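The file final21.cif contains mmCIF, C-alpha atoms:
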```cif
data_run
#
loop_
_atom_site.label_atom_id
_atom_site.label_comp_id
_atom_site.auth_asym_id
_atom_site.auth_seq_id
_atom_site.Cartn_x
_atom_site.Cartn_y
_atom_site.Cartn_z
CA MET A 1 -15.73 27.68 -16.29
CA THR A 2 -16.19 24.03 -15.54
CA GLU A 3 -16.44 23.37 -19.29
CA SER A 4 -12.75 24.12 -19.92
CA TRP A 5 -10.67 21.14 -20.99
CA TRP A 6 -8.08 21.81 -18.29
CA TRP A 7 -10.55 21.99 -15.44
CA PRO A 8 -10.68 18.21 -14.68
CA TYR A 9 -6.88 18.13 -14.68
CA LEU A 10 -6.63 21.03 -12.25
CA PHE A 11 -9.23 19.21 -10.13
CA ILE A 12 -7.07 16.06 -10.12
CA VAL A 13 -3.90 18.06 -9.35
CA VAL A 14 -5.46 19.80 -6.35
CA ALA A 15 -7.88 17.21 -4.94
CA GLY A 16 -5.76 14.20 -5.93
CA TRP A 17 -2.07 14.88 -6.31
CA LEU A 18 -1.71 17.62 -3.70
CA ALA A 19 -4.11 15.88 -1.30
CA THR A 20 -1.98 12.73 -1.25
CA ASP A 21 1.54 14.07 -1.75
CA ILE A 22 1.26 16.50 1.19
CA TRP A 23 1.30 13.47 3.48
CA ARG A 24 4.14 11.82 1.61
CA TRP A 25 6.25 14.99 1.91
CA LEU A 26 5.47 15.30 5.62
CA GLY A 27 6.47 11.65 5.93
CA VAL A 28 9.85 12.37 4.35
CA LEU A 29 10.45 15.36 6.64
CA ALA A 30 9.46 13.32 9.71
CA GLY A 31 11.32 10.20 8.63
CA ASN A 32 14.47 12.19 7.88
CA ARG A 33 14.71 13.02 11.58
CA LEU A 34 14.34 9.42 12.68
CA ASP A 35 17.34 7.24 13.29
CA GLU A 36 16.89 3.63 12.15
CA GLN A 37 17.45 2.38 15.68
CA SER A 38 15.41 5.08 17.39
CA GLU A 39 12.56 4.36 19.76
CA ALA A 40 10.28 6.75 17.85
CA LEU A 41 10.63 4.62 14.71
CA TYR A 42 9.08 1.67 16.57
CA TRP A 43 6.03 3.83 17.24
CA VAL A 44 5.89 5.06 13.63
CA ARG A 45 6.08 1.45 12.38
CA ALA A 46 3.26 0.49 14.74
CA VAL A 47 1.04 3.33 13.52
CA ALA A 48 1.79 2.62 9.84
CA THR A 49 1.05 -1.10 10.28
CA ALA A 50 -2.15 -0.51 12.25
CA LEU A 51 -3.37 1.97 9.60
CA VAL A 52 -2.68 -0.39 6.70
CA MET A 53 -4.27 -3.35 8.49
CA ALA A 54 -7.33 -1.29 9.41
CA VAL A 55 -7.78 -0.39 5.73
CA THR A 56 -7.17 -4.04 4.74
CA ALA A 57 -9.66 -5.44 7.25
CA LYS A 58 -12.27 -2.99 6.00
CA LEU A 59 -11.76 -4.30 2.47
CA VAL A 60 -12.71 -7.76 3.74
CA VAL A 61 -15.53 -6.78 6.13
CA PHE A 62 -17.06 -3.88 4.14
CA PRO A 63 -16.12 -4.51 0.49
CA THR A 64 -17.42 -2.57 -2.48
CA GLY A 65 -18.44 -3.91 -5.88
CA THR A 66 -19.25 -7.57 -6.49
CA LEU A 67 -18.22 -8.74 -3.03
CA GLU A 68 -20.69 -6.38 -1.35
CA ALA A 69 -23.41 -8.95 -2.06
CA SER A 70 -21.39 -11.95 -0.79
CA PRO A 71 -21.90 -13.23 2.76
CA LEU A 72 -19.49 -11.97 5.45
CA TRP A 73 -18.83 -15.50 6.72
CA LEU A 74 -17.47 -16.49 3.32
CA ARG A 75 -15.05 -13.55 3.13
CA LEU A 76 -13.87 -13.98 6.74
CA GLY A 77 -13.63 -17.75 6.34
CA CYS A 78 -11.53 -17.50 3.18
CA ALA A 79 -9.21 -14.89 4.71
CA VAL A 80 -8.69 -17.13 7.77
CA LEU A 81 -8.22 -20.20 5.54
CA GLY A 82 -5.60 -18.40 3.44
CA PHE A 83 -3.77 -17.16 6.53
CA ALA A 84 -3.87 -20.67 8.08
CA ALA A 85 -2.46 -22.20 4.88
CA PHE A 86 0.29 -19.56 4.93
CA LEU A 87 1.21 -20.42 8.54
CA ALA A 88 0.96 -24.18 7.96
CA THR A 89 3.37 -24.09 5.01
CA GLY A 90 6.03 -22.20 6.93
CA HIS A 91 5.13 -18.67 5.82
CA LYS A 92 4.69 -19.27 2.09
CA ILE A 93 3.03 -16.03 0.94
CA GLY A 94 2.08 -17.46 -2.47
CA VAL A 95 0.30 -20.42 -0.86
CA GLY A 96 -1.68 -18.18 1.48
CA VAL A 97 -2.81 -15.89 -1.35
CA THR A 98 -3.70 -18.79 -3.66
CA VAL A 99 -5.70 -20.69 -1.04
CA GLY A 100 -7.53 -17.54 0.07
CA VAL A 101 -8.48 -16.41 -3.43
CA LEU A 102 -9.36 -19.84 -4.84
CA SER A 103 -11.53 -20.72 -1.85
CA LEU A 104 -13.35 -17.43 -2.25
CA GLY A 105 -13.82 -18.02 -5.98
CA ALA A 106 -15.15 -21.53 -5.27
CA GLY A 107 -17.48 -20.13 -2.60
CA LEU A 108 -18.84 -17.44 -4.91
CA TYR A 109 -19.39 -20.00 -7.65
CA THR A 110 -21.18 -22.40 -5.28
CA LEU A 111 -23.42 -19.59 -4.05
CA GLY A 112 -24.44 -18.88 -7.64
CA PHE A 113 -22.62 -15.59 -8.34
CA MET B 114 34.73 2.26 -2.51
CA PRO B 115 35.94 4.52 -5.32
CA PRO B 116 33.35 6.99 -6.66
CA ASP B 117 33.40 5.34 -10.07
CA SER B 118 32.22 1.95 -8.86
CA HIS B 119 29.63 3.75 -6.71
CA THR B 120 27.83 5.21 -9.74
CA ARG B 121 27.97 1.92 -11.53
CA SER B 122 26.39 0.13 -8.60
CA ALA B 123 23.55 2.70 -8.47
CA LEU B 124 22.54 1.67 -11.99
CA PHE B 125 22.87 -1.97 -10.99
CA TRP B 126 20.53 -1.48 -8.03
CA PHE B 127 18.08 0.54 -10.10
CA LEU B 128 17.85 -2.36 -12.55
CA THR B 129 17.57 -4.86 -9.69
CA GLY B 130 14.68 -2.80 -8.31
CA MET B 131 13.00 -2.91 -11.73
CA ARG B 132 13.00 -6.69 -11.54
CA GLY B 133 10.57 -6.32 -8.65
CA LEU B 134 7.98 -5.79 -11.38
CA PHE B 135 7.78 -9.58 -11.60
CA SER B 136 7.16 -10.02 -7.89
CA LEU B 137 3.82 -11.27 -6.55
CA PRO B 138 2.74 -7.90 -5.06
CA ALA B 139 3.54 -6.06 -8.31
CA ILE B 140 1.55 -8.57 -10.35
CA ILE B 141 -1.41 -8.33 -7.96
CA LEU B 142 -1.29 -4.54 -8.24
CA MET B 143 -1.24 -4.71 -12.04
CA ILE B 144 -4.33 -6.92 -11.99
CA SER B 145 -5.97 -4.39 -9.66
CA PHE B 146 -5.21 -1.64 -12.16
CA VAL B 147 -7.00 -3.58 -14.88
CA GLY B 148 -9.95 -3.47 -12.50
CA PHE B 149 -9.38 0.26 -11.96
CA SER B 150 -9.59 0.89 -15.72
CA ALA B 151 -13.00 -0.76 -15.76
CA PHE B 152 -14.08 1.23 -12.70
CA ALA B 153 -13.00 4.54 -14.26
CA LEU B 154 -14.88 3.77 -17.47
CA GLU B 155 -18.00 2.77 -15.53
CA SER B 156 -17.82 6.00 -13.51
CA GLY B 157 -17.66 8.14 -16.64
CA ILE B 158 -14.03 9.28 -16.24
CA PRO B 159 -12.46 9.81 -19.70
CA ARG B 160 -9.39 7.80 -20.64
CA ALA B 161 -6.94 10.74 -20.53
CA GLU B 162 -8.09 11.72 -17.05
CA ALA B 163 -7.85 8.14 -15.79
CA ILE B 164 -4.26 7.97 -17.09
CA PHE B 165 -3.37 11.34 -15.57
CA MET B 166 -4.87 10.29 -12.23
CA THR B 167 -2.83 7.11 -12.15
CA ILE B 168 0.51 8.88 -12.44
CA ALA B 169 -0.48 11.98 -10.44
CA ILE B 170 -2.04 10.27 -7.42
CA TRP B 171 -0.65 6.75 -7.70
CA ALA B 172 -2.32 5.44 -4.51
CA LEU B 173 -5.21 3.26 -5.67
CA PRO B 174 -7.61 3.87 -2.73
CA ALA B 175 -7.18 7.66 -3.06
CA LYS B 176 -8.06 7.43 -6.77
CA MET B 177 -11.19 5.40 -6.05
CA ILE B 178 -12.25 7.99 -3.46
CA LEU B 179 -11.55 10.89 -5.83
CA ILE B 180 -13.60 9.24 -8.57
CA GLY B 181 -16.37 8.62 -6.07
CA SER B 182 -16.34 12.33 -5.16
CA ILE B 183 -16.35 13.43 -8.80
CA ALA B 184 -19.20 11.03 -9.61
CA GLY B 185 -21.09 12.37 -6.59
CA GLY B 186 -20.73 15.93 -7.89
CA ALA B 187 -18.49 17.16 -5.05
CA ASN B 188 -16.69 20.50 -5.50
CA MET B 189 -12.91 20.75 -5.41
CA ALA B 190 -12.64 21.72 -1.74
CA ALA B 191 -14.87 18.87 -0.62
CA ALA B 192 -13.03 16.33 -2.80
CA PHE B 193 -9.68 17.59 -1.50
CA LEU B 194 -10.86 17.15 2.08
CA VAL B 195 -12.12 13.59 1.59
CA VAL B 196 -9.03 12.47 -0.33
CA THR B 197 -6.58 14.09 2.06
CA LEU B 198 -8.29 12.63 5.14
CA SER B 199 -8.14 9.17 3.59
CA SER B 200 -4.45 9.59 2.74
CA ILE B 201 -3.07 10.43 6.19
CA ARG B 202 -1.66 6.90 6.41
CA MET B 203 0.91 7.89 3.77
CA MET B 204 2.78 9.91 6.36
CA PRO B 205 3.72 7.11 8.79
CA MET B 206 4.25 4.75 5.85
CA VAL B 207 6.79 7.09 4.27
CA ALA B 208 8.29 8.05 7.65
CA SER B 209 8.90 4.39 8.51
CA ILE B 210 10.63 3.63 5.22
CA VAL B 211 12.84 6.74 4.87
CA PRO B 212 15.21 5.83 7.75
CA GLU B 213 15.76 2.40 6.16
CA MET B 214 16.32 3.84 2.70
CA ARG B 215 18.53 6.89 2.97
CA THR B 216 22.20 7.26 3.73
CA SER B 217 23.69 10.33 5.38
CA ARG B 218 24.40 11.69 1.88
CA THR B 219 20.93 11.20 0.37
CA PRO B 220 19.56 14.65 -0.56
CA THR B 221 16.12 15.49 0.82
CA TRP B 222 14.79 16.62 -2.60
CA LEU B 223 15.44 13.12 -3.92
CA LEU B 224 13.49 11.56 -1.06
CA LEU B 225 10.66 14.07 -1.59
CA PHE B 226 10.52 13.08 -5.27
CA LEU B 227 10.69 9.34 -4.58
CA SER B 228 8.05 9.53 -1.85
CA HIS B 229 5.47 10.02 -4.59
CA PHE B 230 5.96 6.40 -5.60
CA ILE B 231 5.12 5.06 -2.16
CA ALA B 232 1.67 3.53 -1.90
CA ILE B 233 0.62 0.43 0.03
CA THR B 234 2.05 -2.13 -2.40
CA ALA B 235 5.39 -0.37 -2.82
CA TRP B 236 5.58 0.05 0.95
CA VAL B 237 4.88 -3.61 1.70
CA TYR B 238 7.35 -4.75 -0.97
CA SER B 239 10.09 -2.34 0.07
CA MET B 240 9.81 -3.12 3.77
CA GLN B 241 10.81 -6.70 2.98
CA ALA B 242 13.10 -6.18 -0.02
CA LEU B 243 15.24 -3.25 1.15
CA ARG B 244 16.93 -5.19 3.91
CA HIS B 245 18.50 -7.49 1.33
CA VAL B 246 20.04 -4.50 -0.45
CA PRO B 247 23.21 -2.85 0.85
CA ARG B 248 22.44 0.60 2.22
CA GLU B 249 24.19 2.55 -0.58
CA GLY B 250 22.00 0.79 -3.14
CA ARG B 251 18.63 1.22 -1.43
CA VAL B 252 17.57 4.59 -2.86
CA ALA B 253 18.42 3.42 -6.39
CA PHE B 254 16.68 0.09 -5.75
CA PHE B 255 13.49 1.79 -4.59
CA ALA B 256 13.62 4.26 -7.49
CA GLY B 257 13.92 1.37 -9.94
CA PHE B 258 11.01 -0.48 -8.39
CA GLY B 259 8.69 2.42 -7.55
CA ILE B 260 9.03 4.50 -10.72
CA THR B 261 8.82 1.48 -13.03
CA LEU B 262 5.76 0.12 -11.23
CA ALA B 263 3.95 3.47 -11.49
CA LEU B 264 4.80 3.89 -15.19
CA VAL B 265 3.82 0.34 -16.12
CA ASN B 266 0.49 0.67 -14.33
CA THR B 267 -0.14 3.99 -16.07
CA LEU B 268 0.45 2.15 -19.32
CA ILE B 269 -1.93 -0.61 -18.20
CA VAL B 270 -4.67 1.95 -17.62
CA ALA B 271 -3.97 3.51 -21.04
CA VAL B 272 -4.18 0.15 -22.79
CA CYS B 273 -6.94 -1.56 -20.78
CA TYR B 274 -9.32 1.41 -20.59
CA GLY B 275 -12.33 0.41 -22.63
CA LEU B 276 -10.96 -3.07 -23.22
CA VAL B 277 -12.26 -4.55 -20.00
CA SER B 278 -15.71 -3.38 -19.10
CA GLN B 279 -17.45 -6.28 -17.47
CA LEU B 280 -15.79 -9.29 -15.89
CA PRO B 281 -17.84 -12.28 -14.67
CA PRO B 282 -18.75 -11.67 -10.98
CA VAL B 283 -16.79 -14.72 -9.74
CA VAL B 284 -13.65 -13.36 -11.43
CA SER B 285 -14.05 -9.72 -10.36
CA GLY B 286 -14.89 -10.81 -6.80
CA SER B 287 -11.83 -13.05 -6.60
CA LEU B 288 -9.60 -10.32 -8.08
CA PHE B 289 -10.84 -7.83 -5.53
CA PHE B 290 -9.96 -10.32 -2.75
CA LEU B 291 -6.34 -10.62 -3.96
CA THR B 292 -5.26 -7.32 -2.43
CA PRO B 293 -6.48 -7.78 1.16
CA ILE B 294 -5.37 -11.42 1.37
CA TYR B 295 -1.94 -10.47 0.03
CA PHE B 296 -1.52 -7.68 2.59
CA ILE B 297 -2.65 -9.99 5.40
CA VAL B 298 -0.13 -12.76 4.72
CA SER B 299 2.76 -10.61 3.51
CA ILE B 300 2.74 -8.03 6.30
CA TRP B 301 2.69 -10.81 8.88
CA GLY B 302 5.24 -12.86 6.96
CA THR B 303 7.76 -10.05 6.59
CA ALA B 304 7.41 -8.50 10.07
CA ARG B 305 10.87 -8.14 11.56
CA HIS B 306 9.75 -6.39 14.72
CA SER B 307 7.38 -7.76 17.33
CA VAL B 308 5.62 -4.38 17.43
CA VAL B 309 4.52 -4.89 13.80
CA LYS B 310 2.73 -8.14 14.71
CA VAL B 311 1.00 -6.52 17.69
CA ALA B 312 -0.09 -3.57 15.50
CA PHE B 313 -1.23 -6.05 12.81
CA VAL B 314 -3.66 -7.73 15.24
CA ILE B 315 -4.91 -4.45 16.71
CA GLY B 316 -5.34 -2.82 13.30
CA ILE B 317 -7.20 -5.77 11.79
CA ILE B 318 -9.68 -5.79 14.69
CA GLY B 319 -9.78 -2.00 15.13
CA GLY B 320 -10.49 -1.17 11.48
CA PRO B 321 -13.92 -2.82 11.18
CA LEU B 322 -14.75 -2.15 14.85
CA PHE B 323 -14.29 1.62 14.61
CA ALA B 324 -15.90 1.65 11.17
CA VAL B 325 -19.06 0.69 13.05
CA LEU B 326 -18.49 2.80 16.17
CA THR B 327 -17.06 6.01 14.68
CA PRO B 328 -17.38 5.78 10.88
CA GLN B 329 -15.89 9.26 10.26
CA PHE B 330 -12.63 8.67 12.11
CA ASP B 331 -12.30 4.89 12.02
CA ILE B 332 -8.98 4.66 10.20
CA LEU B 333 -7.50 7.49 12.24
CA ILE B 334 -8.51 5.95 15.59
CA ALA B 335 -7.62 2.39 14.59
CA GLY B 336 -4.32 3.58 13.11
CA VAL B 337 -2.98 6.26 15.43
CA GLY B 338 -4.74 5.03 18.57
CA GLY B 339 -4.29 1.34 17.74
CA GLY B 340 -0.68 1.84 16.70
CA THR B 341 0.11 3.70 19.91
CA LEU B 342 -1.56 0.95 21.94
CA ALA B 343 0.48 -1.64 20.03
CA TYR B 344 3.66 0.29 20.75
CA ILE B 345 2.88 0.45 24.48
CA ILE B 346 1.99 -3.27 24.69
CA ASP B 347 5.16 -4.21 22.82
CA ARG B 348 7.34 -1.88 24.88
CA ILE B 349 6.05 -3.07 28.26
CA TRP B 350 5.41 -6.78 27.78
CA ILE B 351 7.17 -8.05 24.67
CA ARG B 352 10.35 -6.31 23.60
CA LYS B 353 13.21 -6.52 26.08
CA PRO B 354 14.75 -3.16 27.04
CA GLY B 355 17.60 -2.22 24.74
CA GLU B 356 16.91 -5.14 22.38
CA LYS B 357 17.66 -4.36 18.74
CA GLN B 358 15.39 -6.25 16.38
CA ALA B 359 16.38 -4.68 13.09
CA ASN B 360 18.87 -6.86 11.32
CA ASP B 361 19.91 -4.84 8.35
CA THR B 362 23.54 -5.50 7.73
CA PRO B 363 23.43 -7.77 4.70
CA THR B 364 26.56 -9.01 3.08
CA GLU B 365 27.46 -7.53 -0.29
CA GLY B 366 26.54 -10.66 -2.21
CA GLU B 367 23.11 -11.05 -0.70
CA VAL B 368 20.72 -10.15 -3.50
CA LEU B 369 17.02 -10.94 -3.71
#
```
Is it possible to give me this structure as C-alpha cells?
Amino acid sequence: MTESWWWPYLFIVVAGWLATDIWRWLGVLAGNRLDEQSEALYWVRAVATALVMAVTAKLVVFPTGTLEASPLWLRLGCAVLGFAAFLATGHKIGVGVTVGVLSLGAGLYTLGF
Amino acid sequence: MPPDSHTRSALFWFLTGMRGLFSLPAIILMISFVGFSAFALESGIPRAEAIFMTIAIWALPAKMILIGSIAGGANMAAAFLVVTLSSIRMMPMVASIVPEMRTSRTPTWLLLFLSHFIAITAWVYSMQALRHVPREGRVAFFAGFGITLALVNTLIVAVCYGLVSQLPPVVSGSLFFLTPIYFIVSIWGTARHSVVKVAFVIGIIGGPLFAVLTPQFDILIAGVGGGTLAYIIDRIWIRKPGEKQANDTPTEGEVL
C-alpha cells in the first residue's frame, strides 16, 4: 500500500495540511466573535505574541543545522547586539537585522566555521 | 461609496498587497525557502512532494517537523499528532488578525480560505501593514500579499530544489539567524499595545526556560500560560482602565 504514488500526498494532506489548517479555521471562528476593541482580543494578542516569541527564542537558544555547533554566547550576543542597534537607531528594523546577522557571520568566520 | 468604485478599490488593494513581496520579511522568507529546498533534498523528499508540501502546509516550521517525522519513519497518526501539536499557535495568530481584517460584510468562507495563508511571516507583516490600509481594503490587501507570497515561495522550491545542496557553513548559519533576529526586532518595533511588549519579554524568556523544564509542553506553557500572565500584568499595572490603544483609523490617502 505504501508503494502507491498517491500515498505520500495523502500523508501530506492529512498530517500536514489538515494538521495545520484545523488551527487556522478554529482561529477564524474564534476571531470572528471578537470585536476589535474587546478585552478578550488583548488576551488573544498576548497569547499569540508569547507563542511566537517562545518559538523564536528557541531558534536562537536551541538551533538546528549549522548553528547547533556554534557557541550559545555568540548567538545570544549577536541577537542582543542586533536588538540594541535597532533601539539605538530609533527602531530601524533593517539596521537591527543587518547588525545581528553580520555580527553572527563574522563570529562564525572568526571561530573557523 | 458607490458599489462600482468599491470593486475597483478591491483590485487596487490586492495589487498593493502584492507589493509586500518586496518587503524585508518577504525577502527573508524567500531566502529561508531556498534553505528549505536544500533541507528537503537532504532529507530524501522528492521535488514534487516538497512543492506540494509548500502550498498545502505553508507554515515553514510545520513542514520541517513533518519532514522530520517522515525521515524518522513515523506513521500517519503519529506525524499528524506532532505537526498538529506544534501548530496550535496558528489559532491565536489567526484569531488576533481576523478582527483587524474583516468588515461586517466579510463572508466567513473567505476568511477560512485566506487563513491558510497565515504563517508567522504573514502574521508579523500584516499586523503592522494592515493598519495603514482602510478597513474595506484589508481583506483584499491580505489576499494579495498572502496568496502571492505562498505561490512565489512554491515556485522558489520548484526552481531551487536540487540547485542548492550545500552552502558554506558561515552562509547557512547566517541565513538561519535571519528569521529569529527579524522576528525579535520587528515584533517589538511594530507593537501597538503594551500587552504585546509584556508578552514579548515573557515569551522570549519562557520559550527556552520551559524547553528545559517541560520539553513536551514548552511552547504551550510559554504561550498560553505566559500570554495569560502578560495579559494580567498589563491589565493590572500598565494599561489604564478603559484606555484604547488601537489606532486604526487611517486616512484614505495613507498608503504604505
Result set, the PyMOL selection byres ((chain B and resi 179) around 10) on current file, as a tab-separated table (two decimals) with C-alpha atoms, keeping the file's coordinate frame:
```tsv
chain	number	residue	atom	x	y	z
A	11	PHE	CA	-9.23	19.21	-10.13
A	12	ILE	CA	-7.07	16.06	-10.12
A	15	ALA	CA	-7.88	17.21	-4.94
A	16	GLY	CA	-5.76	14.20	-5.93
B	166	MET	CA	-4.87	10.29	-12.23
B	170	ILE	CA	-2.04	10.27	-7.42
B	173	LEU	CA	-5.21	3.26	-5.67
B	174	PRO	CA	-7.61	3.87	-2.73
B	175	ALA	CA	-7.18	7.66	-3.06
B	176	LYS	CA	-8.06	7.43	-6.77
B	177	MET	CA	-11.19	5.40	-6.05
B	178	ILE	CA	-12.25	7.99	-3.46
B	180	ILE	CA	-13.60	9.24	-8.57
B	181	GLY	CA	-16.37	8.62	-6.07
B	182	SER	CA	-16.34	12.33	-5.16
B	183	ILE	CA	-16.35	13.43	-8.80
B	184	ALA	CA	-19.20	11.03	-9.61
B	185	GLY	CA	-21.09	12.37	-6.59
B	187	ALA	CA	-18.49	17.16	-5.05
B	189	MET	CA	-12.91	20.75	-5.41
B	192	ALA	CA	-13.03	16.33	-2.80
B	193	PHE	CA	-9.68	17.59	-1.50
B	195	VAL	CA	-12.12	13.59	1.59
B	196	VAL	CA	-9.03	12.47	-0.33
B	197	THR	CA	-6.58	14.09	2.06
```
Evaluate the PyMOL selection byres ((chain A and resi 96-103) around 7) and record the selected residues as number ranges by chain, following the chain and residue labels used in the document.
-> A: 78-79, 81-83, 85-86, 92-95, 104-107; B: 287, 290-291, 294-295, 298
Quick one: pull the distance between CA of Ile300 in chain B and CA of Trp236 in chain B, Å, one decimal.
-> 10.1 Å
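Taking only C-alpha atoms into account, Leu198 in chain B lies nearest to A:Ile22 out of the set A:Val80, A:Ala69, A:Val13, A:Ile22.
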Quick one: which residues end up in the PyMOL selection byres ((chain A and resi 29) around 10) for this structure, as a list of chain:residue names?
-> A:Trp23, A:Arg24, A:Trp25, A:Leu26, A:Gly27, A:Val28, A:Ala30, A:Gly31, A:Asn32, A:Arg33, A:Leu34, B:Met204, B:Val207, B:Ala208, B:Val211, B:Thr221, B:Leu224, B:Leu225
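The space between CA of Tyr42 in chain A and CA of Thr56 in chain A spans 20.9 Å.
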Interatomic distance, CA of Phe296 in chain B to CA of Ala123 in chain B (Å, one decimal) | 29.3 Å
